[in-house]
$ cat target.txt   # compact mmCIF, C-alpha atoms and all ligand atoms
# COMPACT_ATOMS: atom_id res chain seq x y z
CA MET U 1 -19.32 166.33 48.15
CA THR U 2 -22.31 164.01 47.81
CA SER U 3 -20.14 160.91 48.24
CA THR U 4 -18.44 162.49 51.29
CA ARG U 5 -21.85 163.10 52.90
CA ILE U 6 -22.97 159.51 52.19
CA LEU U 7 -19.73 157.81 53.23
CA ALA U 8 -18.75 159.85 56.29
CA PRO U 9 -21.21 158.16 58.70
CA LEU U 10 -19.93 154.74 57.58
CA ALA U 11 -16.17 155.39 57.57
CA ASP U 12 -13.40 155.31 60.17
CA TYR U 13 -11.55 157.82 57.99
CA LEU U 14 -11.81 159.29 54.51
CA VAL U 15 -9.04 159.92 51.98
CA VAL U 16 -8.90 162.45 49.17
CA ASN U 17 -6.85 160.59 46.59
CA VAL U 18 -5.39 162.97 44.03
CA SER U 19 -2.34 160.83 43.36
CA SER U 20 -3.46 157.96 41.12
CA PRO U 21 -1.60 157.87 37.79
CA ASN U 22 -4.51 155.99 36.20
CA THR U 23 -6.97 158.88 35.98
CA PRO U 24 -5.91 161.46 33.39
CA GLY U 25 -5.31 164.89 34.93
CA LEU U 26 -5.92 163.72 38.50
CA ARG U 27 -2.38 164.28 39.77
CA GLY U 28 -2.60 167.89 38.56
CA LEU U 29 -4.96 168.42 41.50
CA GLN U 30 -1.91 168.14 43.76
CA GLU U 31 -1.15 171.75 42.80
CA ILE U 32 -1.98 173.72 45.94
CA ASP U 33 -4.24 176.25 44.19
CA LEU U 34 -6.48 173.44 42.98
CA LEU U 35 -6.11 171.14 45.96
CA GLU U 36 -6.88 173.58 48.77
CA PRO U 37 -10.48 174.43 47.74
CA LEU U 38 -11.18 170.75 47.10
CA VAL U 39 -9.86 169.66 50.49
CA ARG U 40 -11.68 172.49 52.27
CA ALA U 41 -14.96 171.50 50.61
CA VAL U 42 -14.57 167.81 51.51
CA PHE U 43 -13.47 168.70 55.05
CA ARG U 44 -16.69 170.69 55.58
CA GLU U 45 -18.76 167.59 54.74
CA CYS U 46 -16.79 165.12 56.88
CA SER U 47 -18.82 165.56 60.07
CA GLY U 48 -15.75 165.06 62.24
CA VAL U 49 -14.61 161.84 60.52
CA PRO U 50 -10.80 162.10 60.13
CA LEU U 51 -9.84 163.21 56.63
CA PHE U 52 -6.54 162.34 54.91
CA VAL U 53 -4.95 163.41 51.64
CA LYS U 54 -3.01 160.82 49.64
CA ILE U 55 0.01 161.99 47.68
CA ALA U 56 2.16 160.56 44.90
CA PRO U 57 5.83 159.65 45.37
CA ASP U 58 6.54 161.78 42.31
CA VAL U 59 5.82 165.13 43.98
CA THR U 60 8.87 167.18 44.86
CA ASN U 61 9.89 167.50 48.51
CA ASP U 62 8.72 171.09 48.41
CA GLN U 63 5.31 170.11 47.03
CA ALA U 64 4.91 167.35 49.65
CA LEU U 65 5.67 169.81 52.44
CA ARG U 66 3.35 172.49 51.04
CA ILE U 67 0.49 169.98 50.71
CA ALA U 68 1.04 168.70 54.25
CA GLU U 69 1.23 172.21 55.73
CA MET U 70 -1.94 173.20 53.90
CA CYS U 71 -3.65 170.09 55.30
CA GLN U 72 -2.51 170.95 58.81
CA ARG U 73 -3.87 174.52 58.45
CA ILE U 74 -7.28 173.22 57.39
CA GLY U 75 -7.51 170.61 60.17
CA VAL U 76 -7.04 167.55 57.98
CA ALA U 77 -5.95 164.58 60.13
CA GLY U 78 -2.93 163.66 58.05
CA ILE U 79 -1.30 162.44 54.87
CA VAL U 80 -1.19 159.03 53.20
CA ALA U 81 2.19 158.67 51.51
CA THR U 82 2.44 157.32 48.93
CA ASN U 83 0.53 156.11 45.87
CA THR U 84 2.23 154.32 42.94
CA THR U 85 4.94 156.04 40.88
CA VAL U 86 5.03 156.99 37.20
CA SER U 87 8.83 156.66 37.28
CA ARG U 88 10.44 153.68 35.57
CA ALA U 89 13.89 154.31 37.07
CA GLY U 90 15.82 151.41 38.57
CA LEU U 91 13.64 148.61 37.19
CA VAL U 92 15.50 145.40 36.33
CA THR U 93 13.04 144.46 33.56
CA ASP U 94 14.24 145.18 30.02
CA PRO U 95 13.29 148.83 29.23
CA ALA U 96 11.66 147.82 25.92
CA ARG U 97 9.38 145.42 27.77
CA VAL U 98 8.58 148.05 30.36
CA GLU U 99 7.80 150.53 27.58
CA ALA U 100 5.52 147.99 25.89
CA MET U 101 3.53 147.64 29.10
CA GLY U 102 2.39 151.23 28.69
CA ASP U 103 1.45 153.90 31.19
CA GLY U 104 0.32 153.37 34.75
CA GLY U 105 1.68 153.29 38.26
CA VAL U 106 4.49 151.10 39.56
CA SER U 107 4.03 149.74 43.08
CA GLY U 108 6.01 147.56 45.50
CA PRO U 109 9.80 147.64 46.03
CA PRO U 110 10.51 150.37 43.42
CA VAL U 111 8.41 152.81 45.50
CA ALA U 112 9.86 151.87 48.89
CA HIS U 113 12.81 154.27 49.01
CA ARG U 114 10.84 157.37 48.00
CA SER U 115 7.90 156.45 50.21
CA LEU U 116 10.18 156.21 53.25
CA GLU U 117 11.99 159.41 52.25
CA ILE U 118 8.71 161.36 52.08
CA LEU U 119 7.61 159.90 55.42
CA ARG U 120 10.84 161.12 57.08
CA LEU U 121 10.58 164.50 55.39
CA LEU U 122 7.00 165.05 56.55
CA ARG U 123 7.54 163.79 60.09
CA ALA U 124 10.56 166.06 60.54
CA ARG U 125 8.37 169.09 59.76
CA LEU U 126 4.97 167.94 61.07
CA PRO U 127 4.92 166.56 64.61
CA ARG U 128 2.06 164.48 66.03
CA PRO U 129 -0.89 164.62 66.37
CA PHE U 130 -0.69 165.23 62.58
CA ALA U 131 -0.99 161.64 61.38
CA LEU U 132 1.10 159.94 58.71
CA ILE U 133 -0.02 156.74 57.01
CA SER U 134 2.94 155.13 55.26
CA VAL U 135 2.45 152.95 52.18
CA GLY U 136 4.70 151.92 49.31
CA GLY U 137 6.95 148.89 49.12
CA VAL U 138 6.14 147.53 52.57
CA GLU U 139 6.50 143.76 52.49
CA THR U 140 7.95 142.52 55.79
CA ALA U 141 7.82 143.16 59.54
CA VAL U 142 11.26 144.79 59.23
CA HIS U 143 9.81 147.26 56.72
CA VAL U 144 6.85 147.99 59.02
CA ARG U 145 9.20 148.55 61.97
CA GLU U 146 11.29 150.92 59.83
CA ARG U 147 8.17 152.96 58.93
CA LEU U 148 7.00 153.10 62.56
CA ASP U 149 10.47 154.19 63.66
CA ALA U 150 10.42 156.88 60.96
CA GLY U 151 7.24 158.36 62.43
CA ALA U 152 4.34 156.52 60.76
CA ASP U 153 1.14 156.18 62.77
CA LEU U 154 -0.30 153.53 60.47
CA VAL U 155 1.33 151.35 57.81
CA GLN U 156 -0.46 149.96 54.76
CA GLY U 157 0.50 147.41 52.16
CA TYR U 158 -1.11 146.64 48.83
CA THR U 159 1.41 144.83 46.62
CA GLY U 160 2.90 142.86 49.52
CA PHE U 161 -0.57 141.60 50.36
CA VAL U 162 -1.35 140.75 46.72
CA TYR U 163 1.78 138.58 46.37
CA ALA U 164 1.87 137.05 49.88
CA GLY U 165 -1.83 136.31 50.27
CA PRO U 166 -4.27 136.42 53.15
CA GLY U 167 -1.79 135.40 55.89
CA TRP U 168 0.40 138.42 55.13
CA ALA U 169 -0.88 140.79 57.83
CA ARG U 170 -0.77 138.07 60.48
CA ARG U 171 2.84 137.15 59.62
CA ILE U 172 3.84 140.80 59.85
CA THR U 173 2.11 141.26 63.19
CA ARG U 174 3.84 138.16 64.57
CA GLY U 175 7.17 139.36 63.18
CA LEU U 176 6.69 142.70 64.90
CA ASN U 177 5.82 141.05 68.21
CA ASP U 178 8.88 138.76 67.94
CA SER U 179 11.15 141.76 67.40
CA VAL U 180 9.94 143.60 70.55
C1 LIG W 1 -3.69 147.54 41.12
C2 LIG W 1 -3.61 148.72 42.07
C3 LIG W 1 -4.74 149.48 42.28
C4 LIG W 1 -4.70 150.58 43.16
N1 LIG W 1 -5.83 151.33 43.35
C5 LIG W 1 -5.80 152.39 44.20
C6 LIG W 1 -6.97 153.17 44.43
O1 LIG W 1 -8.05 152.93 43.88
N2 LIG W 1 -6.87 154.22 45.28
C7 LIG W 1 -5.71 154.53 45.91
O2 LIG W 1 -5.66 155.49 46.69
N3 LIG W 1 -4.58 153.80 45.70
C8 LIG W 1 -4.61 152.75 44.87
N4 LIG W 1 -3.47 152.01 44.66
C9 LIG W 1 -2.21 152.40 45.33
C10 LIG W 1 -1.97 151.59 46.60
O3 LIG W 1 -3.00 151.81 47.54
C11 LIG W 1 -0.62 151.97 47.22
O4 LIG W 1 -0.66 153.33 47.61
C12 LIG W 1 0.56 151.76 46.27
O5 LIG W 1 0.38 150.60 45.48
C13 LIG W 1 1.89 151.66 47.02
O6 LIG W 1 1.83 150.62 47.97
P1 LIG W 1 2.36 149.11 47.71
O7 LIG W 1 3.79 149.22 47.25
O8 LIG W 1 2.18 148.43 49.03
O9 LIG W 1 1.48 148.53 46.64
C14 LIG W 1 -3.49 150.91 43.80
C15 LIG W 1 -2.34 150.11 43.58
C16 LIG W 1 -2.39 149.05 42.71
C17 LIG W 1 -1.13 148.22 42.49

$ encode --input "target.txt" --output "structure tokens"
Amino acid sequence: MTSTRILAPLADYLVVNVSSPNTPGLRGLQEIDLLEPLVRAVFRECSGVPLFVKIAPDVTNDQALRIAEMCQRIGVAGIVATNTTVSRAGLVTDPARVEAMGDGGVSGPPVAHRSLEILRLLRARLPRPFALISVGGVETAVHVRERLDAGADLVQGYTGFVYAGPGWARRITRGLNDSV
């Protein structure tokens, strides 16, 4: 709560991130019984700054909907979907090599399908003004357009930016303008 109080006056929005696979036990906080008191406590300290909750792609559809509906009840601005995945399904890299790399989250194209699926699921149940920030496997203007068409209010990219470099956002914006 201390960090919320300090950061709120400086932030455009705040995110409760309970979805990182890199902090042991963190994703367990996505269980509603644990998450609701945490989100309520942070929300009280936000001083009107929009608050979001970031979820993992590995939650079930039911969990994603229950988290989003709880957020809506509390007055949370929206959901950020999604973080990295703990799944190793569908990777083209040799499984033994993947195994040797150890634990941690997978980002980029392997997350894209589930990220888009969760976006569609949430938007179908939660109309605007409940906000949805879509992230996971977004690399091109076509991907951004797809997320906007699926109901995203904002689109983020992490891995796409890492691999494409500083001109990435500008190229996407131009691509979007060209496609209008
Ligand atoms: C190296 C790395 C570090 C990350 N650190 C954070 C973090 O501190 N907090 C967070 O909410 N998400 C973090 N993420 C998740 C990303 O913000 C994003 O949700 C995820 O990678 C899916 O998007 P992408 O496919 O565009 O990378 C991290 C991702 C990577 C690859």

$ closest_atom_pairs --input "target.txt" --of "range 95-141 of chain U" --to "range 13-27 of chain U" --cutoff "12 Å" --atoms "all atoms listed in the file" --output "tab-separated table"
residue	atom	partner	partner_atom	distance
U:Gly102	CA	U:Asn22	CA	11.3
U:Asp103	CA	U:Asn22	CA	8.1
U:Gly104	CA	U:Asn22	CA	5.7
U:Gly105	CA	U:Pro21	CA	5.7
U:Val106	CA	U:Pro21	CA	9.3
U:Ser107	CA	U:Pro21	CA	11.2
U:Ala131	CA	U:Tyr13	CA	11.7
U:Ile133	CA	U:Val15	CA	10.8

$ residues_near_ligand --input "target.txt" --ligand "ligand LIG 1 (chain W)" --cutoff "9 Å" --atoms "only C-alpha atoms and all ligand atoms" --output "VMD selection string"
chain U and resid 15 to 20 22 54 to 56 80 to 85 105 to 112 115 134 to 139 156 to 162

$ write_last_selection --input "target.txt" --atoms "C-alpha atoms" --output "mmCIF file, in the frame of the given file"
data_model
loop_
_atom_site.group_PDB
_atom_site.id
_atom_site.type_symbol
_atom_site.label_atom_id
_atom_site.label_comp_id
_atom_site.auth_asym_id
_atom_site.auth_seq_id
_atom_site.Cartn_x
_atom_site.Cartn_y
_atom_site.Cartn_z
ATOM 1 C CA VAL U 15 -9.040 159.920 51.980
ATOM 2 C CA VAL U 16 -8.900 162.450 49.170
ATOM 3 C CA ASN U 17 -6.850 160.590 46.590
ATOM 4 C CA VAL U 18 -5.390 162.970 44.030
ATOM 5 C CA SER U 19 -2.340 160.830 43.360
ATOM 6 C CA SER U 20 -3.460 157.960 41.120
ATOM 7 C CA ASN U 22 -4.510 155.990 36.200
ATOM 8 C CA LYS U 54 -3.010 160.820 49.640
ATOM 9 C CA ILE U 55 0.010 161.990 47.680
ATOM 10 C CA ALA U 56 2.160 160.560 44.900
ATOM 11 C CA VAL U 80 -1.190 159.030 53.200
ATOM 12 C CA ALA U 81 2.190 158.670 51.510
ATOM 13 C CA THR U 82 2.440 157.320 48.930
ATOM 14 C CA ASN U 83 0.530 156.110 45.870
ATOM 15 C CA THR U 84 2.230 154.320 42.940
ATOM 16 C CA THR U 85 4.940 156.040 40.880
ATOM 17 C CA GLY U 105 1.680 153.290 38.260
ATOM 18 C CA VAL U 106 4.490 151.100 39.560
ATOM 19 C CA SER U 107 4.030 149.740 43.080
ATOM 20 C CA GLY U 108 6.010 147.560 45.500
ATOM 21 C CA PRO U 109 9.800 147.640 46.030
ATOM 22 C CA PRO U 110 10.510 150.370 43.420
ATOM 23 C CA VAL U 111 8.410 152.810 45.500
ATOM 24 C CA ALA U 112 9.860 151.870 48.890
ATOM 25 C CA SER U 115 7.900 156.450 50.210
ATOM 26 C CA SER U 134 2.940 155.130 55.260
ATOM 27 C CA VAL U 135 2.450 152.950 52.180
ATOM 28 C CA GLY U 136 4.700 151.920 49.310
ATOM 29 C CA GLY U 137 6.950 148.890 49.120
ATOM 30 C CA VAL U 138 6.140 147.530 52.570
ATOM 31 C CA GLU U 139 6.500 143.760 52.490
ATOM 32 C CA GLN U 156 -0.460 149.960 54.760
ATOM 33 C CA GLY U 157 0.500 147.410 52.160
ATOM 34 C CA TYR U 158 -1.110 146.640 48.830
ATOM 35 C CA THR U 159 1.410 144.830 46.620
ATOM 36 C CA GLY U 160 2.900 142.860 49.520
ATOM 37 C CA PHE U 161 -0.570 141.600 50.360
ATOM 38 C CA VAL U 162 -1.350 140.750 46.720
#

$ atom_distance --input "target.txt" --atom1 "CA of Arg123 in chain U" --atom2 "CA of Ala152 in chain U"
8.0 Å

$ residues_around --input "target.txt" --residues "Asp12 in chain U" --least-positions-apart "6" --cutoff "12 Å" --atoms "only C-alpha atoms" --output "PyMOL selection string"
chain U and resi 46-52+77

$ residues_around --input "target.txt" --residues "Ala124 in chain U" --least-positions-apart "5" --cutoff "10 Å" --atoms "all atoms listed in the file" --output "number ranges by chain"
U: 118-119, 150-151

$ atom_distance --input "target.txt" --atom1 "CA of Gly78 in chain U" --atom2 "CA of Leu121 in chain U"
13.8 Å

$ atom_distance --input "target.txt" --atom1 "CA of Leu7 in chain U" --atom2 "CA of Val42 in chain U"
11.4 Å

$ closest_residue --input "target.txt" --among "U:Ala64, U:Pro9, U:Thr4, U:Glu31" --to "Arg44 in chain U" --atoms "only C-alpha atoms"
U:Thr4

$ closest_residue --input "target.txt" --among "U:Thr2, U:Ser87, U:Gln30, U:Asn61" --to "Arg120 in chain U" --atoms "all atoms listed in the file"
U:Asn61

$ closest_residue --input "target.txt" --among "U:Val53, U:Leu154, U:Val92, U:Val142" --to "Asn177 in chain U" --atoms "only C-alpha atoms"
U:Val142

$ decode --input "target.txt" --residues "range 34-149 of chain U" --atoms "C-alpha atoms" --output "short mmCIF file (atom, residue, chain, number, x, y, z; two decimals), in the first residue's frame"
data_model
loop_
_atom_site.label_atom_id
_atom_site.label_comp_id
_atom_site.auth_asym_id
_atom_site.auth_seq_id
_atom_site.Cartn_x
_atom_site.Cartn_y
_atom_site.Cartn_z
CA LEU U 34 -6.69 -13.89 -2.13
CA LEU U 35 -6.92 -11.40 -4.97
CA GLU U 36 -10.07 -9.53 -3.94
CA PRO U 37 -8.79 -8.15 -0.59
CA LEU U 38 -5.49 -7.19 -2.24
CA VAL U 39 -7.18 -5.34 -5.10
CA ARG U 40 -9.63 -3.63 -2.73
CA ALA U 41 -6.75 -2.43 -0.54
CA VAL U 42 -4.76 -1.08 -3.50
CA PHE U 43 -7.88 0.51 -5.00
CA ARG U 44 -8.48 2.46 -1.77
CA GLU U 45 -5.01 4.01 -2.05
CA CYS U 46 -5.19 4.91 -5.75
CA SER U 47 -6.67 8.39 -5.30
CA GLY U 48 -8.68 8.07 -8.49
CA VAL U 49 -5.75 6.95 -10.67
CA PRO U 50 -7.07 4.13 -12.91
CA LEU U 51 -6.15 0.72 -11.54
CA PHE U 52 -5.69 -2.42 -13.66
CA VAL U 53 -5.10 -6.07 -12.81
CA LYS U 54 -2.74 -8.08 -15.02
CA ILE U 55 -3.52 -11.75 -15.57
CA ALA U 56 -1.61 -14.76 -16.88
CA PRO U 57 -2.55 -16.56 -20.11
CA ASP U 58 -2.54 -19.77 -18.07
CA VAL U 59 -5.69 -18.98 -16.07
CA THR U 60 -8.78 -20.87 -17.14
CA ASN U 61 -11.53 -19.01 -18.99
CA ASP U 62 -13.65 -19.26 -15.87
CA GLN U 63 -10.90 -17.77 -13.69
CA ALA U 64 -10.31 -14.93 -16.16
CA LEU U 65 -14.02 -14.06 -16.15
CA ARG U 66 -14.29 -14.27 -12.35
CA ILE U 67 -11.26 -11.99 -11.92
CA ALA U 68 -12.62 -9.48 -14.43
CA GLU U 69 -16.09 -9.46 -12.87
CA MET U 70 -14.59 -8.97 -9.42
CA CYS U 71 -12.56 -6.05 -10.79
CA GLN U 72 -15.66 -4.51 -12.32
CA ARG U 73 -17.54 -4.81 -9.00
CA ILE U 74 -14.75 -3.02 -7.14
CA GLY U 75 -14.43 -0.20 -9.69
CA VAL U 76 -11.09 -1.27 -11.15
CA ALA U 77 -10.61 0.34 -14.59
CA GLY U 78 -9.80 -2.87 -16.42
CA ILE U 79 -7.62 -5.89 -17.10
CA VAL U 80 -4.21 -6.25 -18.72
CA ALA U 81 -4.17 -9.56 -20.59
CA THR U 82 -1.75 -11.21 -20.65
CA ASN U 83 1.62 -11.84 -18.99
CA THR U 84 4.03 -14.56 -20.18
CA THR U 85 3.03 -18.25 -20.13
CA VAL U 86 4.48 -21.19 -18.20
CA SER U 87 3.31 -23.50 -20.99
CA ARG U 88 5.90 -24.99 -23.33
CA ALA U 89 3.32 -26.33 -25.81
CA GLY U 90 3.84 -25.75 -29.52
CA LEU U 91 7.46 -24.58 -29.33
CA VAL U 92 9.63 -25.57 -32.31
CA THR U 93 12.82 -25.71 -30.22
CA ASP U 94 13.97 -29.20 -29.24
CA PRO U 95 12.13 -30.10 -25.97
CA ALA U 96 15.40 -31.15 -24.27
CA ARG U 97 16.86 -27.72 -24.98
CA VAL U 98 13.71 -26.04 -23.73
CA GLU U 99 13.84 -28.17 -20.57
CA ALA U 100 17.49 -27.23 -20.03
CA MET U 101 16.57 -23.55 -20.13
CA GLY U 102 14.62 -24.05 -16.91
CA ASP U 103 11.55 -22.34 -15.52
CA GLY U 104 10.25 -18.93 -16.43
CA GLY U 105 7.74 -17.29 -18.72
CA VAL U 106 7.55 -17.61 -22.49
CA SER U 107 6.61 -14.44 -24.37
CA GLY U 108 6.05 -13.42 -28.00
CA PRO U 109 4.32 -15.52 -30.69
CA PRO U 110 3.63 -18.56 -28.45
CA VAL U 111 1.40 -16.36 -26.26
CA ALA U 112 -0.45 -14.63 -29.11
CA HIS U 113 -3.31 -17.08 -29.59
CA ARG U 114 -4.25 -17.34 -25.91
CA SER U 115 -3.84 -13.61 -25.35
CA LEU U 116 -6.28 -12.85 -28.18
CA GLU U 117 -8.64 -15.58 -26.98
CA ILE U 118 -8.78 -14.08 -23.46
CA LEU U 119 -9.30 -10.61 -24.91
CA ARG U 120 -12.32 -11.83 -26.92
CA LEU U 121 -13.68 -13.76 -23.95
CA LEU U 122 -13.47 -10.75 -21.63
CA ARG U 123 -14.84 -8.24 -24.13
CA ALA U 124 -17.83 -10.47 -24.87
CA ARG U 125 -18.78 -10.40 -21.17
CA LEU U 126 -17.51 -6.96 -20.12
CA PRO U 127 -18.58 -4.03 -22.29
CA ARG U 128 -16.89 -0.62 -22.24
CA PRO U 129 -16.13 1.50 -20.30
CA PHE U 130 -14.41 -1.49 -18.62
CA ALA U 131 -11.00 -1.22 -20.26
CA LEU U 132 -8.94 -4.04 -21.75
CA ILE U 133 -5.22 -3.69 -22.41
CA SER U 134 -4.09 -6.44 -24.76
CA VAL U 135 -0.52 -7.75 -24.67
CA GLY U 136 1.12 -10.99 -25.77
CA GLY U 137 2.62 -11.80 -29.15
CA VAL U 138 1.85 -8.45 -30.76
CA GLU U 139 4.49 -7.75 -33.38
CA THR U 140 2.92 -6.01 -36.38
CA ALA U 141 0.30 -3.42 -37.30
CA VAL U 142 -1.94 -6.29 -38.45
CA HIS U 143 -1.71 -7.79 -34.95
CA VAL U 144 -2.55 -4.43 -33.36
CA ARG U 145 -5.54 -3.99 -35.69
CA GLU U 146 -6.73 -7.49 -34.77
CA ARG U 147 -6.56 -6.64 -31.04
CA LEU U 148 -8.39 -3.33 -31.52
CA ASP U 149 -11.07 -5.07 -33.57
#
